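The file model_33.cif comes next; it holds mmCIF, C-alpha atoms.
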```cif
data_upload
#
loop_
_atom_site.label_atom_id
_atom_site.label_comp_id
_atom_site.auth_asym_id
_atom_site.auth_seq_id
_atom_site.Cartn_x
_atom_site.Cartn_y
_atom_site.Cartn_z
CA MET A 197 45.27 -17.10 -127.64
CA THR A 198 42.59 -17.46 -130.27
CA GLY A 199 40.97 -14.06 -129.94
CA PRO A 200 40.90 -10.85 -127.96
CA ALA A 201 40.66 -11.20 -124.21
CA ALA A 202 37.25 -10.43 -122.71
CA SER A 203 37.08 -7.14 -120.86
CA PRO A 204 37.21 -7.46 -117.06
CA ASP A 205 33.58 -6.32 -116.93
CA GLN A 206 32.42 -8.96 -119.38
CA GLY A 207 34.37 -11.54 -117.44
CA ARG A 208 32.68 -10.54 -114.20
CA LEU A 209 29.18 -10.67 -115.64
CA HIS A 210 29.76 -14.00 -117.36
CA ALA A 211 30.95 -15.66 -114.16
CA PRO A 212 28.24 -18.14 -113.10
CA GLU A 213 28.04 -16.64 -109.62
CA ALA A 214 27.06 -13.34 -111.24
CA TYR A 215 23.90 -14.69 -112.86
CA PHE A 216 21.80 -14.56 -109.69
CA LEU A 217 21.48 -11.93 -106.96
CA PRO A 218 19.64 -12.88 -103.77
CA ALA A 219 16.83 -10.63 -102.53
CA GLY A 220 18.25 -7.75 -100.54
CA SER A 221 21.69 -7.89 -102.14
CA GLY A 222 23.11 -5.16 -104.35
CA SER A 223 24.25 -1.66 -103.61
CA ARG A 224 22.24 0.52 -101.22
CA HIS A 225 21.90 4.28 -101.31
CA THR A 226 19.65 6.78 -99.56
CA ILE A 227 19.00 9.16 -102.46
CA PHE A 228 16.55 11.50 -100.67
CA PRO A 229 15.31 11.55 -97.06
CA GLY A 230 13.13 8.45 -96.66
CA VAL A 231 13.96 7.12 -100.13
CA GLU A 232 16.28 4.10 -100.22
CA ILE A 233 17.38 2.24 -103.34
CA GLN A 234 18.96 -1.18 -103.80
CA THR A 235 20.63 -1.51 -107.21
CA ALA A 236 22.03 -4.24 -109.42
CA ALA A 237 23.97 -3.47 -112.60
CA GLY A 238 24.54 -5.50 -115.72
CA THR A 239 26.43 -4.20 -118.74
CA ASN A 240 23.88 -1.80 -120.21
CA LEU A 241 21.01 -2.23 -117.75
CA MET A 242 20.54 -1.29 -114.11
CA LEU A 243 17.69 -2.36 -111.84
CA SER A 244 16.84 -0.30 -108.77
CA VAL A 245 14.37 -1.42 -106.10
CA VAL A 246 13.08 1.81 -104.53
CA ARG A 247 11.49 1.99 -101.07
CA LEU A 248 9.76 5.24 -100.17
CA GLU A 249 8.60 6.14 -96.69
CA PRO A 250 5.28 7.95 -96.29
CA HIS A 251 5.48 11.61 -97.38
CA SER A 252 8.98 11.21 -98.83
CA VAL A 253 9.84 13.20 -101.95
CA VAL A 254 12.19 12.74 -104.87
CA THR A 255 12.60 16.32 -106.01
CA ASP A 256 12.70 17.53 -109.62
CA HIS A 257 15.73 16.15 -111.43
CA SER A 258 16.81 14.80 -114.81
CA HIS A 259 19.60 12.65 -116.18
CA PRO A 260 20.72 11.60 -119.65
CA HIS A 261 19.84 7.96 -118.89
CA GLU A 262 16.56 6.55 -120.17
CA GLN A 263 14.39 5.37 -117.26
CA MET A 264 11.39 3.09 -117.05
CA GLY A 265 9.70 1.66 -113.98
CA ILE A 266 6.72 -0.01 -112.38
CA LEU A 267 5.00 0.60 -109.07
CA LEU A 268 4.95 -2.60 -107.00
CA GLU A 269 3.23 -1.45 -103.78
CA GLY A 270 1.46 1.67 -102.55
CA THR A 271 0.53 4.92 -104.25
CA LEU A 272 2.80 7.58 -105.76
CA GLU A 273 2.20 11.00 -107.22
CA PHE A 274 4.55 11.02 -110.19
CA THR A 275 5.33 14.01 -112.42
CA VAL A 276 7.19 13.61 -115.73
CA GLY A 277 7.78 16.54 -118.05
CA GLY A 278 5.11 18.55 -116.25
CA VAL A 279 2.48 15.79 -116.47
CA THR A 280 1.27 14.52 -113.08
CA ARG A 281 -0.46 11.19 -112.43
CA LEU A 282 -1.53 9.35 -109.28
CA LEU A 283 -0.17 5.83 -109.72
CA GLY A 284 -1.11 2.50 -108.16
CA PRO A 285 0.40 -1.00 -108.29
CA GLY A 286 1.18 -2.17 -111.82
CA ASP A 287 1.23 1.32 -113.31
CA MET A 288 4.39 2.06 -115.30
CA TRP A 289 6.41 5.13 -116.28
CA ARG A 290 8.64 5.83 -119.27
CA ILE A 291 11.04 8.75 -118.99
CA PRO A 292 13.22 9.68 -121.97
CA GLY A 293 16.70 10.92 -121.12
CA GLY A 294 16.79 14.57 -120.12
CA VAL A 295 13.13 14.88 -119.10
CA VAL A 296 12.60 16.37 -115.62
CA HIS A 297 10.64 14.20 -113.16
CA ARG A 298 9.71 14.04 -109.50
CA VAL A 299 7.88 11.67 -107.15
CA ARG A 300 5.92 12.10 -103.93
CA ALA A 301 4.78 9.33 -101.60
CA LEU A 302 1.42 9.82 -99.92
CA ASP A 303 0.54 8.63 -96.40
CA GLN A 304 1.60 5.00 -96.96
CA PRO A 305 4.98 3.48 -97.82
CA ALA A 306 5.56 2.53 -101.45
CA MET A 307 7.88 0.22 -103.36
CA ALA A 308 8.84 0.57 -107.02
CA LEU A 309 11.26 -0.88 -109.51
CA ASP A 310 13.22 1.52 -111.71
CA VAL A 311 15.32 0.50 -114.69
CA PHE A 312 18.04 2.57 -116.33
CA HIS A 313 19.99 2.52 -119.57
CA PRO A 314 22.87 3.03 -119.57
CA ILE A 315 23.79 2.11 -116.00
CA ARG A 316 23.95 4.98 -113.53
CA GLU A 317 27.51 5.10 -112.25
CA ASP A 318 26.34 7.14 -109.25
CA TYR A 319 24.10 4.24 -108.16
CA LEU A 320 26.77 1.50 -108.34
CA MET B 126 13.58 25.32 -138.30
CA THR B 127 16.30 25.69 -135.71
CA GLY B 128 17.59 22.12 -135.69
CA PRO B 129 17.09 18.62 -137.00
CA ALA B 130 13.60 17.16 -136.66
CA ALA B 131 13.16 14.56 -133.94
CA SER B 132 12.77 11.00 -135.20
CA PRO B 133 9.19 9.70 -135.23
CA ASP B 134 10.09 7.34 -132.41
CA GLN B 135 11.53 10.09 -130.25
CA GLY B 136 8.46 12.16 -130.93
CA ARG B 137 6.19 9.34 -129.81
CA LEU B 138 8.05 8.75 -126.57
CA HIS B 139 8.27 12.44 -125.77
CA ALA B 140 4.51 12.91 -126.10
CA PRO B 141 3.16 13.53 -122.58
CA GLU B 142 0.56 10.77 -122.98
CA ALA B 143 3.44 8.33 -123.48
CA TYR B 144 5.02 8.96 -120.08
CA PHE B 145 2.57 6.76 -118.14
CA LEU B 146 1.13 3.32 -118.88
CA PRO B 147 -1.79 2.12 -116.75
CA ALA B 148 -1.55 -1.31 -115.10
CA GLY B 149 -2.55 -4.02 -117.56
CA SER B 150 -1.80 -1.95 -120.66
CA GLY B 151 0.93 -2.77 -123.13
CA SER B 152 1.35 -5.57 -125.62
CA ARG B 153 0.36 -9.12 -124.64
CA HIS B 154 1.91 -12.33 -125.90
CA THR B 155 1.68 -15.96 -124.84
CA ILE B 156 5.30 -16.99 -125.31
CA PHE B 157 5.01 -20.59 -124.02
CA PRO B 158 1.99 -22.58 -122.83
CA GLY B 159 0.90 -20.99 -119.55
CA VAL B 160 3.40 -18.12 -119.83
CA GLU B 161 1.92 -14.72 -120.68
CA ILE B 162 3.86 -11.46 -120.98
CA GLN B 163 2.73 -7.85 -120.99
CA THR B 164 5.38 -5.54 -122.44
CA ALA B 165 6.13 -1.84 -122.62
CA ALA B 166 8.92 -0.44 -124.78
CA GLY B 167 10.91 2.74 -124.51
CA THR B 168 13.76 3.62 -126.85
CA ASN B 169 16.49 1.29 -125.56
CA LEU B 170 14.62 -0.44 -122.72
CA MET B 171 11.76 -2.89 -122.62
CA LEU B 172 9.84 -4.01 -119.51
CA SER B 173 7.95 -7.30 -119.53
CA VAL B 174 5.58 -8.40 -116.77
CA VAL B 175 5.60 -12.20 -116.89
CA ARG B 176 2.83 -14.38 -115.45
CA LEU B 177 3.53 -18.10 -115.22
CA GLU B 178 0.91 -20.71 -114.47
CA PRO B 179 1.85 -23.61 -112.20
CA HIS B 180 4.16 -26.12 -113.92
CA SER B 181 4.66 -23.90 -116.97
CA VAL B 182 8.08 -23.95 -118.63
CA VAL B 183 10.12 -21.46 -120.64
CA THR B 184 12.41 -23.83 -122.53
CA ASP B 185 16.12 -23.32 -123.20
CA HIS B 186 16.70 -20.30 -125.42
CA SER B 187 19.05 -17.37 -125.90
CA HIS B 188 18.99 -13.98 -127.60
CA PRO B 189 21.52 -11.24 -128.23
CA HIS B 190 19.65 -8.86 -125.90
CA GLU B 191 20.91 -8.37 -122.37
CA GLN B 192 18.24 -9.40 -119.85
CA MET B 193 17.78 -8.70 -116.15
CA GLY B 194 14.78 -9.41 -113.97
CA ILE B 195 13.27 -9.80 -110.53
CA LEU B 196 10.80 -12.32 -109.15
CA LEU B 197 7.76 -10.54 -107.73
CA GLU B 198 5.58 -13.45 -106.57
CA GLY B 199 5.95 -17.22 -106.25
CA THR B 200 8.87 -19.55 -106.79
CA LEU B 201 10.81 -20.29 -109.98
CA GLU B 202 13.51 -22.76 -110.88
CA PHE B 203 15.77 -20.67 -113.09
CA THR B 204 18.74 -21.94 -115.09
CA VAL B 205 21.26 -19.56 -116.67
CA GLY B 206 24.36 -20.82 -118.49
CA GLY B 207 23.97 -24.21 -116.84
CA VAL B 208 23.64 -22.80 -113.31
CA THR B 209 20.31 -23.60 -111.61
CA ARG B 210 18.82 -21.74 -108.65
CA LEU B 211 15.48 -21.91 -106.85
CA LEU B 212 14.31 -18.30 -106.63
CA GLY B 213 11.84 -16.52 -104.35
CA PRO B 214 10.38 -13.00 -104.28
CA GLY B 215 13.00 -10.28 -104.59
CA ASP B 216 15.64 -12.55 -106.10
CA MET B 217 17.14 -11.16 -109.33
CA TRP B 218 18.78 -12.55 -112.46
CA ARG B 219 21.34 -11.05 -114.84
CA ILE B 220 21.71 -12.73 -118.23
CA PRO B 221 24.36 -11.46 -120.66
CA GLY B 222 23.39 -11.54 -124.33
CA GLY B 223 23.79 -14.98 -125.90
CA VAL B 224 23.68 -17.02 -122.67
CA VAL B 225 21.17 -19.90 -122.73
CA HIS B 226 18.51 -19.85 -120.01
CA ARG B 227 15.28 -21.59 -119.02
CA VAL B 228 12.62 -21.23 -116.33
CA ARG B 229 10.23 -23.65 -114.65
CA ALA B 230 7.30 -22.73 -112.43
CA LEU B 231 6.58 -25.08 -109.54
CA ASP B 232 3.10 -25.87 -108.16
CA GLN B 233 2.06 -22.25 -107.65
CA PRO B 234 1.64 -19.37 -110.10
CA ALA B 235 4.48 -16.87 -110.30
CA MET B 236 4.93 -13.29 -111.50
CA ALA B 237 8.20 -11.71 -112.58
CA LEU B 238 9.49 -8.58 -114.24
CA ASP B 239 11.99 -8.93 -117.07
CA VAL B 240 13.94 -6.07 -118.61
CA PHE B 241 15.68 -6.12 -121.98
CA HIS B 242 18.24 -3.99 -123.80
CA PRO B 243 17.87 -3.36 -126.63
CA ILE B 244 14.11 -3.75 -127.01
CA ARG B 245 12.90 -7.11 -128.31
CA GLU B 246 11.09 -6.41 -131.58
CA ASP B 247 9.34 -9.78 -131.28
CA TYR B 248 7.71 -8.64 -128.01
CA LEU B 249 6.35 -5.33 -129.30
#
```

Using structure tokens, write down the structure from this file.
Amino acid sequence: MTGPAASPDQGRLHAPEAYFLPAGSGSRHTIFPGVEIQTAAGTNLMLSVVRLEPHSVVTDHSHPHEQMGILLEGTLEFTVGGVTRLLGPGDMWRIPGGVVHRVRALDQPAMALDVFHPIREDYL
Amino acid sequence: MTGPAASPDQGRLHAPEAYFLPAGSGSRHTIFPGVEIQTAAGTNLMLSVVRLEPHSVVTDHSHPHEQMGILLEGTLEFTVGGVTRLLGPGDMWRIPGGVVHRVRALDQPAMALDVFHPIREDYL
């Protein structure tokens, strides 16, 4: 032995087969009615592909994790810290830890990418 | 005063106008010929929208930052730690800090989203 052993987590993420995740893989959760996420976790980062059905709602919530994201398809009404914006593709959000936010899909489906730091254990 | 003052950075990111970034905003850099990024930084997260022209190349490099990403449009030949994959839309990558990686666009343009932790000061 020439040094400390890598942690099991570091070993997992450094395995070559862990470098790539095919489309549609990852962990799936329905977090609100009509709102499905597909997540992939690294060590200190988590990606979450979010698919929202028309008229679905992510109700007011907050978490200590920092969150950023980008809208990929559709339109969303997004409220962060009491500030509401109507967002289209390419628009981004930046939510400091602890700030209350909510999302409402309009009459079309929408797809977004959310990113968290640190990883959300409840989304693994 | 009832507590410690927030750091200037925390103040900036907690300003309501900082919660949303319109499509196309952010900092722009041409990081390799034909490879343009548009970045947005939070406190411990950075998003980077990457546009690659046909046949553009991001040459072998590494950085201490953890990186994850997802291909949004097109096809990329992506190599991480010596492992090469041909990626299509929705495919993801997960690159631990310090692992060498490179990217090559084929005969069509491509668009990807990269995420870094911590933020890359050189991309601000």

Interface residues on chain B facing chain A, 8 Å, only C-alpha atoms, written as a ChimeraX atom specification: /B:138-139,141,143-149,167-170,172,191-194,205-206,208,210,213-221,240-242

Based on the selection just made, write C-alpha atoms of those residues as an mmCIF file, in the coordinates of the input.
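Result went into again17.cif, see below:
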```cif
data_model
loop_
_atom_site.group_PDB
_atom_site.id
_atom_site.type_symbol
_atom_site.label_atom_id
_atom_site.label_comp_id
_atom_site.auth_asym_id
_atom_site.auth_seq_id
_atom_site.Cartn_x
_atom_site.Cartn_y
_atom_site.Cartn_z
ATOM 1 C CA LEU B 138 8.050 8.750 -126.570
ATOM 2 C CA HIS B 139 8.270 12.440 -125.770
ATOM 3 C CA PRO B 141 3.160 13.530 -122.580
ATOM 4 C CA ALA B 143 3.440 8.330 -123.480
ATOM 5 C CA TYR B 144 5.020 8.960 -120.080
ATOM 6 C CA PHE B 145 2.570 6.760 -118.140
ATOM 7 C CA LEU B 146 1.130 3.320 -118.880
ATOM 8 C CA PRO B 147 -1.790 2.120 -116.750
ATOM 9 C CA ALA B 148 -1.550 -1.310 -115.100
ATOM 10 C CA GLY B 149 -2.550 -4.020 -117.560
ATOM 11 C CA GLY B 167 10.910 2.740 -124.510
ATOM 12 C CA THR B 168 13.760 3.620 -126.850
ATOM 13 C CA ASN B 169 16.490 1.290 -125.560
ATOM 14 C CA LEU B 170 14.620 -0.440 -122.720
ATOM 15 C CA LEU B 172 9.840 -4.010 -119.510
ATOM 16 C CA GLU B 191 20.910 -8.370 -122.370
ATOM 17 C CA GLN B 192 18.240 -9.400 -119.850
ATOM 18 C CA MET B 193 17.780 -8.700 -116.150
ATOM 19 C CA GLY B 194 14.780 -9.410 -113.970
ATOM 20 C CA VAL B 205 21.260 -19.560 -116.670
ATOM 21 C CA GLY B 206 24.360 -20.820 -118.490
ATOM 22 C CA VAL B 208 23.640 -22.800 -113.310
ATOM 23 C CA ARG B 210 18.820 -21.740 -108.650
ATOM 24 C CA GLY B 213 11.840 -16.520 -104.350
ATOM 25 C CA PRO B 214 10.380 -13.000 -104.280
ATOM 26 C CA GLY B 215 13.000 -10.280 -104.590
ATOM 27 C CA ASP B 216 15.640 -12.550 -106.100
ATOM 28 C CA MET B 217 17.140 -11.160 -109.330
ATOM 29 C CA TRP B 218 18.780 -12.550 -112.460
ATOM 30 C CA ARG B 219 21.340 -11.050 -114.840
ATOM 31 C CA ILE B 220 21.710 -12.730 -118.230
ATOM 32 C CA PRO B 221 24.360 -11.460 -120.660
ATOM 33 C CA VAL B 240 13.940 -6.070 -118.610
ATOM 34 C CA PHE B 241 15.680 -6.120 -121.980
ATOM 35 C CA HIS B 242 18.240 -3.990 -123.800
#
```

Find, counting only C-alpha atoms, the residue in B:Ile244, B:Val175, B:Val225, B:Val183 that gets nearest to B:Arg153. B:Val175

Length of the atom CA of B:Glu202 to atom CA of A:Glu269 vector [Å]: 24.7 Å

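Reported to one decimal place, the separation of atom CA of A:Pro305 from atom CA of A:Gly230 is 9.6 Å.
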
Please compute the atom CA of A:Glu317-atom CA of A:Leu248 distance, one decimal, in Å.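 Pair atom CA of A:Glu317 / atom CA of A:Leu248 returns 21.5 Å.
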
In terms of the shortest atom-to-atom distance over all atoms listed in the file, which of B:His180, B:Thr164, B:Leu201, B:Leu211 is closest to B:Arg245?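 For B:Arg245, the nearest of the candidates is B:Thr164.
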
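Counting all atoms listed in the file, A:Glu249 has the following residues at most 10 Å away, ignoring those fewer than 6 positions along the same chain: Pro229, Gly230, Val231, Glu232, Arg300, Ala301, Leu302, Asp303, Gln304, Pro305, Ala306 and Met307 of chain A.
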
Find the axis-aligned box for stretch 153-168 of chain B, covering all its listed atoms and adding 3 Å on each side, and write its centre and edge lengths in Å to one decimal as AutoDock Vina command-line options.
```
--center_x 7.1 --center_y -9.5 --center_z -123.2 --size_x 19.4 --size_y 32.2 --size_z 13.3
```

On this file, the PyMOL selection byres ((chain A and resi 258) around 9) gives some set of residues; write that set as a list in words. Asp256, His257, His259, Pro260, His261, Gly293, Gly294, Val295, Val296, His297 and Arg298 of chain A

Please, can stretch 165-181 of chain B be completed to N, CA and C atoms and returned as an mmCIF file, in the frame of the given file?
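Once written, part_27.cif looks like this:
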```
data_model
loop_
_atom_site.group_PDB
_atom_site.id
_atom_site.type_symbol
_atom_site.label_atom_id
_atom_site.label_comp_id
_atom_site.auth_asym_id
_atom_site.auth_seq_id
_atom_site.Cartn_x
_atom_site.Cartn_y
_atom_site.Cartn_z
ATOM 1 N N ALA B 165 6.126 -3.275 -122.347
ATOM 2 C CA ALA B 165 6.130 -1.840 -122.620
ATOM 3 C C ALA B 165 7.531 -1.475 -123.087
ATOM 4 N N ALA B 166 7.618 -0.780 -124.212
ATOM 5 C CA ALA B 166 8.920 -0.440 -124.780
ATOM 6 C C ALA B 166 9.190 1.042 -124.696
ATOM 7 N N GLY B 167 10.427 1.371 -124.373
ATOM 8 C CA GLY B 167 10.910 2.740 -124.510
ATOM 9 C C GLY B 167 11.756 2.807 -125.774
ATOM 10 N N THR B 168 12.878 3.508 -125.693
ATOM 11 C CA THR B 168 13.760 3.620 -126.850
ATOM 12 C C THR B 168 14.806 2.501 -126.842
ATOM 13 N N ASN B 169 15.448 2.310 -125.684
ATOM 14 C CA ASN B 169 16.490 1.290 -125.560
ATOM 15 C C ASN B 169 16.217 0.318 -124.424
ATOM 16 N N LEU B 170 15.024 0.404 -123.848
ATOM 17 C CA LEU B 170 14.620 -0.440 -122.720
ATOM 18 C C LEU B 170 13.266 -1.043 -123.016
ATOM 19 N N MET B 171 13.076 -2.279 -122.576
ATOM 20 C CA MET B 171 11.760 -2.890 -122.620
ATOM 21 C C MET B 171 11.486 -3.578 -121.280
ATOM 22 N N LEU B 172 10.308 -3.308 -120.719
ATOM 23 C CA LEU B 172 9.840 -4.010 -119.510
ATOM 24 C C LEU B 172 8.847 -5.078 -119.940
ATOM 25 N N SER B 173 8.879 -6.205 -119.247
ATOM 26 C CA SER B 173 7.950 -7.300 -119.530
ATOM 27 C C SER B 173 7.476 -7.896 -118.215
ATOM 28 N N VAL B 174 6.185 -7.744 -117.936
ATOM 29 C CA VAL B 174 5.580 -8.400 -116.770
ATOM 30 C C VAL B 174 5.223 -9.817 -117.209
ATOM 31 N N VAL B 175 5.743 -10.801 -116.496
ATOM 32 C CA VAL B 175 5.600 -12.200 -116.890
ATOM 33 C C VAL B 175 4.747 -12.936 -115.871
ATOM 34 N N ARG B 176 3.673 -13.567 -116.336
ATOM 35 C CA ARG B 176 2.830 -14.380 -115.450
ATOM 36 C C ARG B 176 2.939 -15.836 -115.868
ATOM 37 N N LEU B 177 3.318 -16.678 -114.934
ATOM 38 C CA LEU B 177 3.530 -18.100 -115.220
ATOM 39 C C LEU B 177 2.524 -18.932 -114.440
ATOM 40 N N GLU B 178 1.812 -19.783 -115.150
ATOM 41 C CA GLU B 178 0.910 -20.710 -114.470
ATOM 42 C C GLU B 178 1.727 -21.831 -113.822
ATOM 43 N N PRO B 179 1.122 -22.498 -112.830
ATOM 44 C CA PRO B 179 1.850 -23.610 -112.200
ATOM 45 C C PRO B 179 2.334 -24.616 -113.247
ATOM 46 N N HIS B 180 3.548 -25.079 -113.073
ATOM 47 C CA HIS B 180 4.160 -26.120 -113.920
ATOM 48 C C HIS B 180 4.441 -25.646 -115.349
ATOM 49 N N SER B 181 4.303 -24.376 -115.622
ATOM 50 C CA SER B 181 4.660 -23.900 -116.970
ATOM 51 C C SER B 181 6.178 -23.847 -117.106
#
```
